[in-house]
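Participant: To be precise about what I am sending: the file is called structure_6.cif and holds mmCIF, C-alpha atoms.
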```cif
data_run
#
loop_
_atom_site.group_PDB
_atom_site.id
_atom_site.type_symbol
_atom_site.label_atom_id
_atom_site.label_comp_id
_atom_site.auth_asym_id
_atom_site.auth_seq_id
_atom_site.Cartn_x
_atom_site.Cartn_y
_atom_site.Cartn_z
ATOM 1 C CA MET A 1 4.024 -0.217 -12.018
ATOM 2 C CA LYS A 2 1.174 2.245 -11.977
ATOM 3 C CA ILE A 3 -0.249 2.105 -8.448
ATOM 4 C CA LEU A 4 -3.334 3.740 -6.927
ATOM 5 C CA ILE A 5 -3.225 4.242 -3.164
ATOM 6 C CA SER A 6 -6.328 5.477 -1.355
ATOM 7 C CA ASN A 7 -7.536 6.630 2.031
ATOM 8 C CA ASN A 8 -10.964 7.996 2.964
ATOM 9 C CA HIS A 9 -9.376 11.065 4.595
ATOM 10 C CA LEU A 10 -5.931 12.630 4.319
ATOM 11 C CA ASP A 11 -6.801 15.899 6.034
ATOM 12 C CA PHE A 12 -5.669 14.758 9.474
ATOM 13 C CA LEU A 13 -2.613 13.261 11.182
ATOM 14 C CA GLY A 14 -3.871 9.860 12.281
ATOM 15 C CA GLY A 15 -2.751 6.258 12.039
ATOM 16 C CA SER A 16 -4.165 5.282 8.652
ATOM 17 C CA GLU A 17 -3.152 8.666 7.234
ATOM 18 C CA THR A 18 0.517 8.319 8.194
ATOM 19 C CA PHE A 19 0.351 4.666 7.096
ATOM 20 C CA THR A 20 -0.805 5.824 3.658
ATOM 21 C CA TYR A 21 1.897 8.480 3.475
ATOM 22 C CA THR A 22 4.658 6.056 4.442
ATOM 23 C CA LEU A 23 3.440 3.348 2.042
ATOM 24 C CA ALA A 24 3.122 5.801 -0.867
ATOM 25 C CA VAL A 25 6.564 7.334 -0.360
ATOM 26 C CA GLU A 26 8.278 3.943 -0.134
ATOM 27 C CA MET A 27 6.476 2.631 -3.237
ATOM 28 C CA GLN A 28 7.648 5.724 -5.081
ATOM 29 C CA ARG A 29 11.213 5.112 -3.874
ATOM 30 C CA LYS A 30 10.949 1.651 -5.420
ATOM 31 C CA GLY A 31 10.306 3.329 -8.774
ATOM 32 C CA HIS A 32 6.522 3.010 -9.057
ATOM 33 C CA ASP A 33 4.193 5.695 -10.412
ATOM 34 C CA ILE A 34 1.857 6.633 -7.543
ATOM 35 C CA THR A 35 -1.575 8.260 -7.653
ATOM 36 C CA ILE A 36 -3.393 9.145 -4.438
ATOM 37 C CA LEU A 37 -7.183 8.944 -4.146
ATOM 38 C CA THR A 38 -8.956 10.592 -1.218
ATOM 39 C CA PRO A 39 -12.433 12.118 -0.847
ATOM 40 C CA LYS A 40 -11.024 14.359 1.899
ATOM 41 C CA PRO A 41 -7.685 15.880 0.850
ATOM 42 C CA GLY A 42 -5.661 17.968 3.256
ATOM 43 C CA ILE A 43 -2.389 18.108 5.145
ATOM 44 C CA VAL A 44 -1.174 14.598 4.231
ATOM 45 C CA SER A 45 -2.193 14.565 0.559
ATOM 46 C CA GLU A 46 -0.850 18.100 0.115
ATOM 47 C CA ARG A 47 2.548 17.015 1.417
ATOM 48 C CA LEU A 48 2.561 14.053 -0.972
ATOM 49 C CA ARG A 49 1.757 16.451 -3.832
ATOM 50 C CA THR A 50 4.208 19.229 -3.019
ATOM 51 C CA GLU A 51 7.160 17.233 -1.671
ATOM 52 C CA ASN A 52 6.839 14.033 -3.694
ATOM 53 C CA GLY A 53 5.106 15.211 -6.861
ATOM 54 C CA MET A 54 2.305 12.642 -6.621
ATOM 55 C CA ASN A 55 -0.985 12.980 -8.453
ATOM 56 C CA ILE A 56 -3.879 13.640 -6.082
ATOM 57 C CA ASN A 57 -7.338 12.590 -7.290
ATOM 58 C CA ASN A 58 -6.252 12.761 -10.949
ATOM 59 C CA ILE A 59 -7.501 9.253 -11.633
ATOM 60 C CA SER A 60 -6.793 7.095 -14.674
ATOM 61 C CA PRO A 61 -9.150 4.311 -15.826
ATOM 62 C CA GLU A 62 -6.699 1.476 -15.073
ATOM 63 C CA TYR A 63 -3.895 0.629 -12.659
ATOM 64 C CA ASP A 64 -1.541 -2.301 -12.238
ATOM 65 C CA LEU A 65 -2.306 -2.348 -8.511
ATOM 66 C CA CYS A 66 -4.823 -0.645 -6.217
ATOM 67 C CA LEU A 67 -3.856 -0.468 -2.529
ATOM 68 C CA LEU A 68 -7.019 0.780 -0.893
ATOM 69 C CA ASN A 69 -7.711 1.790 2.698
ATOM 70 C CA HIS A 70 -11.393 2.056 3.727
ATOM 71 C CA ASN A 71 -14.283 0.415 1.916
ATOM 72 C CA SER A 72 -15.627 3.827 0.844
ATOM 73 C CA THR A 73 -12.757 4.241 -1.619
ATOM 74 C CA ILE A 74 -13.444 0.812 -3.100
ATOM 75 C CA ASP A 75 -16.935 2.020 -3.979
ATOM 76 C CA TRP A 76 -15.401 4.951 -5.823
ATOM 77 C CA VAL A 77 -13.033 2.676 -7.752
ATOM 78 C CA LEU A 78 -15.874 0.376 -8.785
ATOM 79 C CA GLN A 79 -17.949 3.289 -10.036
ATOM 80 C CA ASN A 80 -15.193 5.130 -11.900
ATOM 81 C CA MET A 81 -12.795 2.435 -13.080
ATOM 82 C CA VAL A 82 -15.049 -0.113 -14.699
ATOM 83 C CA THR A 83 -12.192 -1.884 -16.492
ATOM 84 C CA GLN A 84 -10.257 -2.476 -13.281
ATOM 85 C CA ASP A 85 -9.253 -6.105 -12.678
ATOM 86 C CA HIS A 86 -10.629 -6.803 -9.204
ATOM 87 C CA SER A 87 -7.799 -9.248 -8.508
ATOM 88 C CA LYS A 88 -5.458 -6.247 -8.534
ATOM 89 C CA ILE A 89 -7.359 -4.590 -5.669
ATOM 90 C CA ILE A 90 -6.030 -5.024 -2.124
ATOM 91 C CA GLN A 91 -7.970 -3.597 0.817
ATOM 92 C CA THR A 92 -6.003 -3.098 4.018
ATOM 93 C CA CYS A 93 -8.141 -3.372 7.148
ATOM 94 C CA HIS A 94 -6.671 -1.412 10.065
ATOM 95 C CA GLY A 95 -9.196 -2.376 12.729
ATOM 96 C CA TYR A 96 -12.176 -4.571 13.450
ATOM 97 C CA ILE A 97 -14.590 -2.009 14.935
ATOM 98 C CA PRO A 98 -14.879 1.050 12.608
ATOM 99 C CA PRO A 99 -17.397 0.674 9.751
ATOM 100 C CA LEU A 100 -14.885 1.957 7.170
ATOM 101 C CA GLU A 101 -12.477 -0.846 8.085
ATOM 102 C CA GLN A 102 -14.951 -3.625 7.302
ATOM 103 C CA PRO A 103 -14.420 -5.761 4.181
ATOM 104 C CA HIS A 104 -16.188 -4.674 1.052
ATOM 105 C CA PRO A 105 -19.375 -6.743 0.665
ATOM 106 C CA SER A 106 -19.475 -7.229 -3.100
ATOM 107 C CA LEU A 107 -16.000 -8.270 -4.245
ATOM 108 C CA PRO A 108 -15.258 -11.976 -3.788
ATOM 109 C CA ASP A 109 -11.997 -11.750 -5.782
ATOM 110 C CA ILE A 110 -10.460 -8.832 -3.917
ATOM 111 C CA LYS A 111 -7.384 -9.479 -1.770
ATOM 112 C CA TYR A 112 -7.301 -8.442 1.885
ATOM 113 C CA VAL A 113 -4.462 -7.407 4.158
ATOM 114 C CA SER A 114 -4.940 -7.311 7.925
ATOM 115 C CA ILE A 115 -2.796 -4.932 9.927
ATOM 116 C CA SER A 116 -2.714 -7.450 12.800
ATOM 117 C CA ASP A 117 -3.697 -11.010 13.661
ATOM 118 C CA GLU A 118 -6.604 -9.600 15.652
ATOM 119 C CA VAL A 119 -8.022 -8.126 12.428
ATOM 120 C CA LYS A 120 -7.204 -11.329 10.554
ATOM 121 C CA ASP A 121 -9.293 -13.325 13.030
ATOM 122 C CA HIS A 122 -12.138 -10.826 12.629
ATOM 123 C CA LEU A 123 -12.101 -11.259 8.855
ATOM 124 C CA GLN A 124 -11.864 -15.018 9.260
ATOM 125 C CA SER A 125 -15.103 -14.903 11.265
ATOM 126 C CA LYS A 126 -16.672 -13.457 8.104
ATOM 127 C CA ASN A 127 -15.126 -16.264 6.014
ATOM 128 C CA ILE A 128 -12.580 -13.898 4.478
ATOM 129 C CA ILE A 129 -8.958 -14.931 4.127
ATOM 130 C CA SER A 130 -6.352 -12.218 4.604
ATOM 131 C CA THR A 131 -2.605 -11.770 4.863
ATOM 132 C CA VAL A 132 -1.123 -10.072 7.922
ATOM 133 C CA ILE A 133 1.259 -7.221 7.130
ATOM 134 C CA ASN A 134 2.104 -5.161 10.187
ATOM 135 C CA ASN A 135 2.348 -1.376 10.088
ATOM 136 C CA GLY A 136 5.384 -0.090 8.213
ATOM 137 C CA ILE A 137 7.645 2.610 9.641
ATOM 138 C CA ASP A 138 10.242 4.599 7.693
ATOM 139 C CA LEU A 139 13.339 3.600 9.650
ATOM 140 C CA ASP A 140 15.446 6.219 7.872
ATOM 141 C CA ARG A 141 13.170 9.028 9.025
ATOM 142 C CA PHE A 142 12.643 7.560 12.497
ATOM 143 C CA ASN A 143 16.314 6.802 12.990
ATOM 144 C CA LEU A 144 18.157 5.658 16.068
ATOM 145 C CA ASP A 145 18.488 8.521 18.548
ATOM 146 C CA THR A 146 22.050 8.505 19.833
ATOM 147 C CA THR A 147 21.909 11.990 21.374
ATOM 148 C CA SER A 148 19.594 11.536 24.354
ATOM 149 C CA ASP A 149 20.797 11.199 27.918
ATOM 150 C CA LYS A 150 21.428 7.609 28.963
ATOM 151 C CA ASN A 151 19.793 8.341 32.304
ATOM 152 C CA PHE A 152 16.021 8.556 32.699
ATOM 153 C CA THR A 153 15.312 12.271 32.304
ATOM 154 C CA LYS A 154 12.292 12.636 30.008
ATOM 155 C CA ILE A 155 8.966 11.033 29.068
ATOM 156 C CA CYS A 156 7.401 11.665 25.666
ATOM 157 C CA SER A 157 3.639 11.079 25.634
ATOM 158 C CA LEU A 158 1.851 10.611 22.324
ATOM 159 C CA SER A 159 -1.434 10.021 24.136
ATOM 160 C CA GLN A 160 -4.671 11.538 22.822
ATOM 161 C CA SER A 161 -6.207 11.795 26.285
ATOM 162 C CA GLU A 162 -6.031 14.766 28.645
ATOM 163 C CA TYR A 163 -6.950 12.409 31.493
ATOM 164 C CA PHE A 164 -4.098 10.047 30.636
ATOM 165 C CA ASN A 165 -1.576 12.858 30.158
ATOM 166 C CA ASN A 166 -2.525 14.351 33.517
ATOM 167 C CA MET A 167 -1.832 10.978 35.093
ATOM 168 C CA LEU A 168 1.507 10.762 33.310
ATOM 169 C CA SER A 169 2.423 14.222 34.596
ATOM 170 C CA LYS A 170 2.084 12.881 38.113
ATOM 171 C CA VAL A 171 4.129 9.814 37.150
ATOM 172 C CA ALA A 172 6.854 12.058 35.730
ATOM 173 C CA LYS A 173 6.883 14.064 38.945
ATOM 174 C CA TYR A 174 7.254 10.849 40.955
ATOM 175 C CA PHE A 175 10.370 9.892 38.988
ATOM 176 C CA GLY A 176 11.667 13.471 38.871
ATOM 177 C CA VAL A 177 11.727 13.638 35.061
ATOM 178 C CA ASP A 178 10.370 16.011 32.423
ATOM 179 C CA ILE A 179 7.409 15.204 30.176
ATOM 180 C CA THR A 180 6.233 16.438 26.790
ATOM 181 C CA TYR A 181 2.831 15.812 25.219
ATOM 182 C CA ASN A 182 1.573 15.523 21.707
ATOM 183 C CA ASP A 183 -2.179 15.217 21.330
ATOM 184 C CA LYS A 184 -2.875 15.079 17.588
ATOM 185 C CA TYR A 185 -6.282 16.686 18.167
ATOM 186 C CA LYS A 186 -4.879 19.731 19.962
ATOM 187 C CA ASN A 187 -1.292 20.159 18.830
ATOM 188 C CA PRO A 188 -0.672 18.006 15.735
ATOM 189 C CA VAL A 189 3.005 17.881 14.786
ATOM 190 C CA TRP A 190 4.271 16.542 11.469
ATOM 191 C CA ASP A 191 7.914 16.077 12.502
ATOM 192 C CA ILE A 192 6.984 14.020 15.539
ATOM 193 C CA GLU A 193 10.414 12.372 15.480
ATOM 194 C CA ASN A 194 11.866 15.634 16.814
ATOM 195 C CA GLN A 195 9.566 15.447 19.829
ATOM 196 C CA ILE A 196 10.444 11.808 20.494
ATOM 197 C CA ARG A 197 14.132 12.619 20.258
ATOM 198 C CA GLY A 198 15.744 13.335 23.615
ATOM 199 C CA SER A 199 13.348 11.178 25.633
ATOM 200 C CA GLN A 200 14.004 7.728 27.064
ATOM 201 C CA LEU A 201 10.425 6.526 27.599
ATOM 202 C CA VAL A 202 7.601 6.923 25.048
ATOM 203 C CA PHE A 203 3.898 6.334 25.682
ATOM 204 C CA GLY A 204 1.643 5.538 22.732
ATOM 205 C CA LEU A 205 -0.446 3.040 20.803
ATOM 206 C CA GLY A 206 -0.037 1.542 17.343
ATOM 207 C CA ARG A 207 2.132 3.560 14.983
ATOM 208 C CA SER A 208 3.175 5.928 17.764
ATOM 209 C CA ALA A 209 4.631 2.967 19.637
ATOM 210 C CA TYR A 210 6.415 1.693 16.534
ATOM 211 C CA GLU A 211 7.947 5.093 15.784
ATOM 212 C CA GLY A 212 9.305 5.172 19.336
ATOM 213 C CA LEU A 213 10.788 1.706 18.912
ATOM 214 C CA ALA A 214 12.443 2.734 15.648
ATOM 215 C CA MET A 215 14.246 5.543 17.459
ATOM 216 C CA GLY A 216 15.532 3.145 20.102
ATOM 217 C CA LYS A 217 13.189 4.232 22.905
ATOM 218 C CA CYS A 218 11.657 2.177 25.650
ATOM 219 C CA VAL A 219 7.969 2.124 24.676
ATOM 220 C CA PHE A 220 5.011 1.827 27.039
ATOM 221 C CA VAL A 221 1.832 0.745 25.216
ATOM 222 C CA GLY A 222 -1.033 2.630 26.826
ATOM 223 C CA ASP A 223 -3.604 5.402 26.448
ATOM 224 C CA ALA A 224 -7.189 6.291 27.323
ATOM 225 C CA ARG A 225 -9.474 6.687 24.311
ATOM 226 C CA ASP A 226 -13.194 7.294 23.986
ATOM 227 C CA TYR A 227 -13.891 4.089 22.080
ATOM 228 C CA MET A 228 -12.200 1.765 24.574
ATOM 229 C CA GLY A 229 -11.475 3.701 27.757
ATOM 230 C CA GLY A 230 -8.142 3.487 29.545
ATOM 231 C CA ARG A 231 -6.102 0.432 28.546
ATOM 232 C CA PHE A 232 -2.467 -0.563 28.640
ATOM 233 C CA ASP A 233 -0.302 -3.538 27.755
ATOM 234 C CA GLY A 234 2.891 -2.246 29.301
ATOM 235 C CA ILE A 235 6.460 -1.981 28.111
ATOM 236 C CA ILE A 236 7.543 -3.584 24.856
ATOM 237 C CA ASN A 237 10.542 -5.880 24.947
ATOM 238 C CA GLU A 238 11.784 -8.819 22.877
ATOM 239 C CA ASN A 239 9.294 -11.158 24.589
ATOM 240 C CA THR A 240 6.184 -8.998 24.996
ATOM 241 C CA ILE A 241 6.178 -7.729 21.397
ATOM 242 C CA LYS A 242 5.067 -11.168 20.217
ATOM 243 C CA ASP A 243 1.834 -10.824 22.210
ATOM 244 C CA PHE A 244 1.296 -7.064 21.923
ATOM 245 C CA VAL A 245 1.581 -6.970 18.123
ATOM 246 C CA TYR A 246 -1.306 -9.447 17.857
ATOM 247 C CA ASN A 247 -3.583 -6.513 18.743
ATOM 248 C CA ASN A 248 -1.488 -3.885 16.904
ATOM 249 C CA CYS A 249 -0.063 -2.665 20.240
ATOM 250 C CA SER A 250 -3.465 -1.227 21.111
ATOM 251 C CA GLY A 251 -3.572 -1.947 24.840
ATOM 252 C CA ARG A 252 -6.133 -4.698 24.227
ATOM 253 C CA ASN A 253 -3.741 -7.590 24.700
ATOM 254 C CA LYS A 254 -3.196 -7.357 28.456
ATOM 255 C CA ASN A 255 -6.119 -4.956 28.798
ATOM 256 C CA TYR A 256 -4.846 -3.551 32.080
ATOM 257 C CA GLU A 257 -6.516 -0.497 33.581
ATOM 258 C CA PRO A 258 -4.033 2.368 33.830
ATOM 259 C CA THR A 259 -3.668 3.863 37.277
ATOM 260 C CA TYR A 260 -0.961 6.026 38.798
ATOM 261 C CA GLU A 261 0.256 3.058 40.832
ATOM 262 C CA SER A 262 0.118 0.462 38.044
ATOM 263 C CA ILE A 263 2.041 2.667 35.601
ATOM 264 C CA ILE A 264 4.767 3.395 38.153
ATOM 265 C CA GLN A 265 5.121 -0.301 38.940
ATOM 266 C CA GLU A 266 5.376 -1.229 35.253
ATOM 267 C CA ILE A 267 8.088 1.397 34.690
ATOM 268 C CA LYS A 268 10.050 0.219 37.708
ATOM 269 C CA SER A 269 9.809 -3.488 36.882
ATOM 270 C CA ASN A 270 10.280 -3.461 33.110
ATOM 271 C CA PHE A 271 12.321 -0.317 32.452
ATOM 272 C CA ILE A 272 14.336 0.951 35.408
ATOM 273 C CA GLU A 273 15.119 -2.441 36.993
ATOM 274 C CA ALA A 274 15.105 -4.478 33.761
ATOM 275 C CA GLU A 275 17.807 -5.383 31.260
ATOM 276 C CA PRO A 276 18.241 -2.888 28.402
ATOM 277 C CA ILE A 277 15.808 -3.352 25.504
ATOM 278 C CA ASP A 278 17.013 -3.356 21.899
ATOM 279 C CA SER A 279 13.987 -1.433 20.638
ATOM 280 C CA ARG A 280 15.527 -0.629 17.269
ATOM 281 C CA LYS A 281 16.058 -4.331 16.571
ATOM 282 C CA ILE A 282 12.355 -4.983 17.291
ATOM 283 C CA ALA A 283 11.358 -2.235 14.854
ATOM 284 C CA GLU A 284 13.674 -3.635 12.182
ATOM 285 C CA GLU A 285 12.209 -7.114 12.568
ATOM 286 C CA TYR A 286 8.508 -6.226 12.657
ATOM 287 C CA PHE A 287 7.901 -2.779 11.137
ATOM 288 C CA ASP A 288 10.443 -1.893 8.431
ATOM 289 C CA ILE A 289 8.504 -0.206 5.599
ATOM 290 C CA LYS A 290 10.946 -1.552 3.026
ATOM 291 C CA LYS A 291 10.018 -5.108 3.997
ATOM 292 C CA GLN A 292 6.304 -4.329 4.320
ATOM 293 C CA THR A 293 5.993 -2.787 0.845
ATOM 294 C CA GLN A 294 7.640 -5.838 -0.665
ATOM 295 C CA LYS A 295 5.099 -8.044 1.080
ATOM 296 C CA TYR A 296 2.318 -6.106 -0.691
ATOM 297 C CA LEU A 297 4.036 -6.531 -4.040
ATOM 298 C CA ASP A 298 4.455 -10.255 -3.416
ATOM 299 C CA LEU A 299 0.660 -10.630 -3.216
ATOM 300 C CA ILE A 300 0.155 -9.905 -6.923
#
```
Rewrite the coordinates I just gave you, this time as structure tokens.
Facilitator:
Amino acid sequence: MKILISNNHLDFLGGSETFTYTLAVEMQRKGHDITILTPKPGIVSERLRTENGMNINNISPEYDLCLLNHNSTIDWVLQNMVTQDHSKIIQTCHGYIPPLEQPHPSLPDIKYVSISDEVKDHLQSKNIISTVINNGIDLDRFNLDTTSDKNFTKICSLSQSEYFNNMLSKVAKYFGVDITYNDKYKNPVWDIENQIRGSQLVFGLGRSAYEGLAMGKCVFVGDARDYMGGRFDGIINENTIKDFVYNNCSGRNKNYEPTYESIIQEIKSNFIEAEPIDSRKIAEEYFDIKKQTQKYLDLI
């Protein structure tokens, strides 16, 4: 099939950007012809062009399927692809707060995908039916790390908050372990799997959490962000994932306030003193990009 995949911005390493990259690469692996549309090209779109040979912003008048992120790109499609069958357009909504993630107001026959049940409920409040397809992670790229020490020696923080990372530094000192940081605003790293590798405990939200799971790490859902302040759900295991994924592992499920003491207690109770967690199995069940792409194709 000829598929158009869009994102409002691909000049930055964020959640929807890496989602778009992962979706596009897997659709190409399945044999589809992929074109990328973005008003803001950059690091992600350039990698798709140079490493995968995808067309960037070289738009044709018709596609068999349009997988669009952000309502701004739907406007562009409507203006420039007048023959497009609207029933072949799928908008994925990644959140319920940002304006770009809101459903497009003028397309009653468009299909919607919600990245979580929280988003699905938000769309339902607007009388819009959607299908939940959780984030997809490339499990071949983020493969099981069999090289790290079995003992607790290192924390990997994918937090975007200096405040939160400073707190985690104190936590690491308490346990006598090392810590590495990756703040995408200050030190963006493409091959983030190499930073996760070698750690036993990963802190992050959303896709960061899922990438940690895929590599077999114990994952602590938590961060402090400007739009919601400090929030954490805690450590993902076979039981908690069912609740945490409702909110896309955003920290909004348990909505705990992160403190030095509360983080230490969570680590002790649900990591150090708990039964081992089969994180890779959780990733395979919920976030395998091969399964997620097929779910998109099943919608048409």
Participant: Can you tell me, as a list in words, what residues are no more than 7 Å from region 22-24 of chain A when counting all atoms listed in the file, ignoring any on the same chain fewer than 5 positions away?
Facilitator: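 That gives Ile5, Ile34, Ile137, Asp138 and Thr293 of chain A.
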Participant: Mind checking which residues fall within 6 Å of Ser157 (chain A), counting all atoms listed in the file, ignoring those fewer than 4 positions away in the same chain, and posting them as a PyMOL selection string?
Facilitator: chain A and resi 181+202-203
Participant: Run through the PyMOL selection byres ((chain A and resi 43) around 8) on the given coordinates and return the selected residues as an mmCIF file with C-alpha atoms, in the coordinates of the input.
Facilitator:
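Output file result-v8.cif follows:
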```cif
data_model
loop_
_atom_site.group_PDB
_atom_site.id
_atom_site.type_symbol
_atom_site.label_atom_id
_atom_site.label_comp_id
_atom_site.auth_asym_id
_atom_site.auth_seq_id
_atom_site.Cartn_x
_atom_site.Cartn_y
_atom_site.Cartn_z
ATOM 1 C CA LEU A 10 -5.931 12.630 4.319
ATOM 2 C CA ASP A 11 -6.801 15.899 6.034
ATOM 3 C CA PHE A 12 -5.669 14.758 9.474
ATOM 4 C CA LEU A 13 -2.613 13.261 11.182
ATOM 5 C CA PRO A 41 -7.685 15.880 0.850
ATOM 6 C CA GLY A 42 -5.661 17.968 3.256
ATOM 7 C CA VAL A 44 -1.174 14.598 4.231
ATOM 8 C CA SER A 45 -2.193 14.565 0.559
ATOM 9 C CA GLU A 46 -0.850 18.100 0.115
ATOM 10 C CA ARG A 47 2.548 17.015 1.417
#
```
Participant: Would you translate the PyMOL selection byres ((chain A and resi 55) around 8) into the concrete set of residues it matches in this file, as a list in words?
Facilitator: Ile34, Thr35, Ile36, Arg49, Gly53, Met54, Ile56, Asn57 and Asn58 of chain A
Participant: Take the residues from that selection and put them in a file with C-alpha atoms, as a PDB file, in the frame of the given file.
Facilitator:
```pdb
ATOM      1  CA  ILE A  34       1.857   6.633  -7.543  1.00  0.00           C
ATOM      2  CA  THR A  35      -1.575   8.260  -7.653  1.00  0.00           C
ATOM      3  CA  ILE A  36      -3.393   9.145  -4.438  1.00  0.00           C
ATOM      4  CA  ARG A  49       1.757  16.451  -3.832  1.00  0.00           C
ATOM      5  CA  GLY A  53       5.106  15.211  -6.861  1.00  0.00           C
ATOM      6  CA  MET A  54       2.305  12.642  -6.621  1.00  0.00           C
ATOM      7  CA  ILE A  56      -3.879  13.640  -6.082  1.00  0.00           C
ATOM      8  CA  ASN A  57      -7.338  12.590  -7.290  1.00  0.00           C
ATOM      9  CA  ASN A  58      -6.252  12.761 -10.949  1.00  0.00           C
TER      10      ASN A  58
END
```
Participant: Given the file shown, determine the residues that the PyMOL selection byres ((chain A and resi 106-110) around 8) selects; report them as a PyMOL selection string.
Facilitator: chain A and resi 86-91+104-105+111-112
Participant: Specify the axis-aligned box that encloses all atoms of region 25-38 of chain A listed in the file after padding of 5 Å on each side, stating its centre and edge lengths in Å to one decimal as JSON.
Facilitator:
```
{"center_x": 1.1, "center_y": 6.1, "center_z": -5.3, "size_x": 30.2, "size_y": 18.9, "size_z": 20.3}
```
Participant: Mind rebuilding region 10-24 of chain A with N, CA, C and O atoms and writing that out as a short mmCIF file (atom, residue, chain, number, x, y, z; two decimals), in the frame of the given file?
Facilitator:
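Output (rebuild.cif):
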```
data_model
loop_
_atom_site.label_atom_id
_atom_site.label_comp_id
_atom_site.auth_asym_id
_atom_site.auth_seq_id
_atom_site.Cartn_x
_atom_site.Cartn_y
_atom_site.Cartn_z
N LEU A 10 -7.34 12.29 4.17
CA LEU A 10 -5.93 12.63 4.32
C LEU A 10 -5.79 14.08 4.77
O LEU A 10 -4.83 14.77 4.43
N ASP A 11 -6.78 14.52 5.53
CA ASP A 11 -6.80 15.90 6.03
C ASP A 11 -6.47 15.96 7.52
O ASP A 11 -6.76 16.96 8.19
N PHE A 12 -5.83 14.90 8.03
CA PHE A 12 -5.67 14.76 9.47
C PHE A 12 -4.47 13.87 9.73
O PHE A 12 -4.15 12.99 8.93
N LEU A 13 -3.77 14.08 10.85
CA LEU A 13 -2.61 13.26 11.18
C LEU A 13 -3.02 12.12 12.10
O LEU A 13 -2.94 12.22 13.33
N GLY A 14 -3.49 11.04 11.52
CA GLY A 14 -3.87 9.86 12.28
C GLY A 14 -3.12 8.64 11.80
O GLY A 14 -2.24 8.73 10.93
N GLY A 15 -3.47 7.48 12.35
CA GLY A 15 -2.75 6.26 12.04
C GLY A 15 -2.83 5.83 10.59
O GLY A 15 -1.81 5.58 9.95
N SER A 16 -4.05 5.73 10.04
CA SER A 16 -4.16 5.28 8.65
C SER A 16 -3.62 6.33 7.68
O SER A 16 -3.17 5.99 6.58
N GLU A 17 -3.67 7.60 8.09
CA GLU A 17 -3.15 8.67 7.23
C GLU A 17 -1.63 8.58 7.12
O GLU A 17 -1.06 8.66 6.01
N THR A 18 -0.94 8.42 8.26
CA THR A 18 0.52 8.32 8.19
C THR A 18 0.94 6.97 7.60
O THR A 18 2.00 6.87 6.97
N PHE A 19 0.12 5.95 7.78
CA PHE A 19 0.35 4.67 7.10
C PHE A 19 0.34 4.88 5.59
O PHE A 19 1.24 4.41 4.87
N THR A 20 -0.67 5.58 5.09
CA THR A 20 -0.80 5.82 3.66
C THR A 20 0.38 6.63 3.13
O THR A 20 0.94 6.32 2.08
N TYR A 21 0.76 7.66 3.87
CA TYR A 21 1.90 8.48 3.48
C TYR A 21 3.17 7.63 3.37
O TYR A 21 3.90 7.69 2.37
N THR A 22 3.43 6.84 4.40
CA THR A 22 4.66 6.06 4.44
C THR A 22 4.68 5.01 3.33
O THR A 22 5.71 4.81 2.67
N LEU A 23 3.55 4.35 3.10
CA LEU A 23 3.44 3.35 2.04
C LEU A 23 3.66 3.98 0.67
O LEU A 23 4.40 3.45 -0.17
N ALA A 24 3.02 5.14 0.43
CA ALA A 24 3.12 5.80 -0.87
C ALA A 24 4.55 6.25 -1.15
O ALA A 24 5.07 6.05 -2.27
#
```
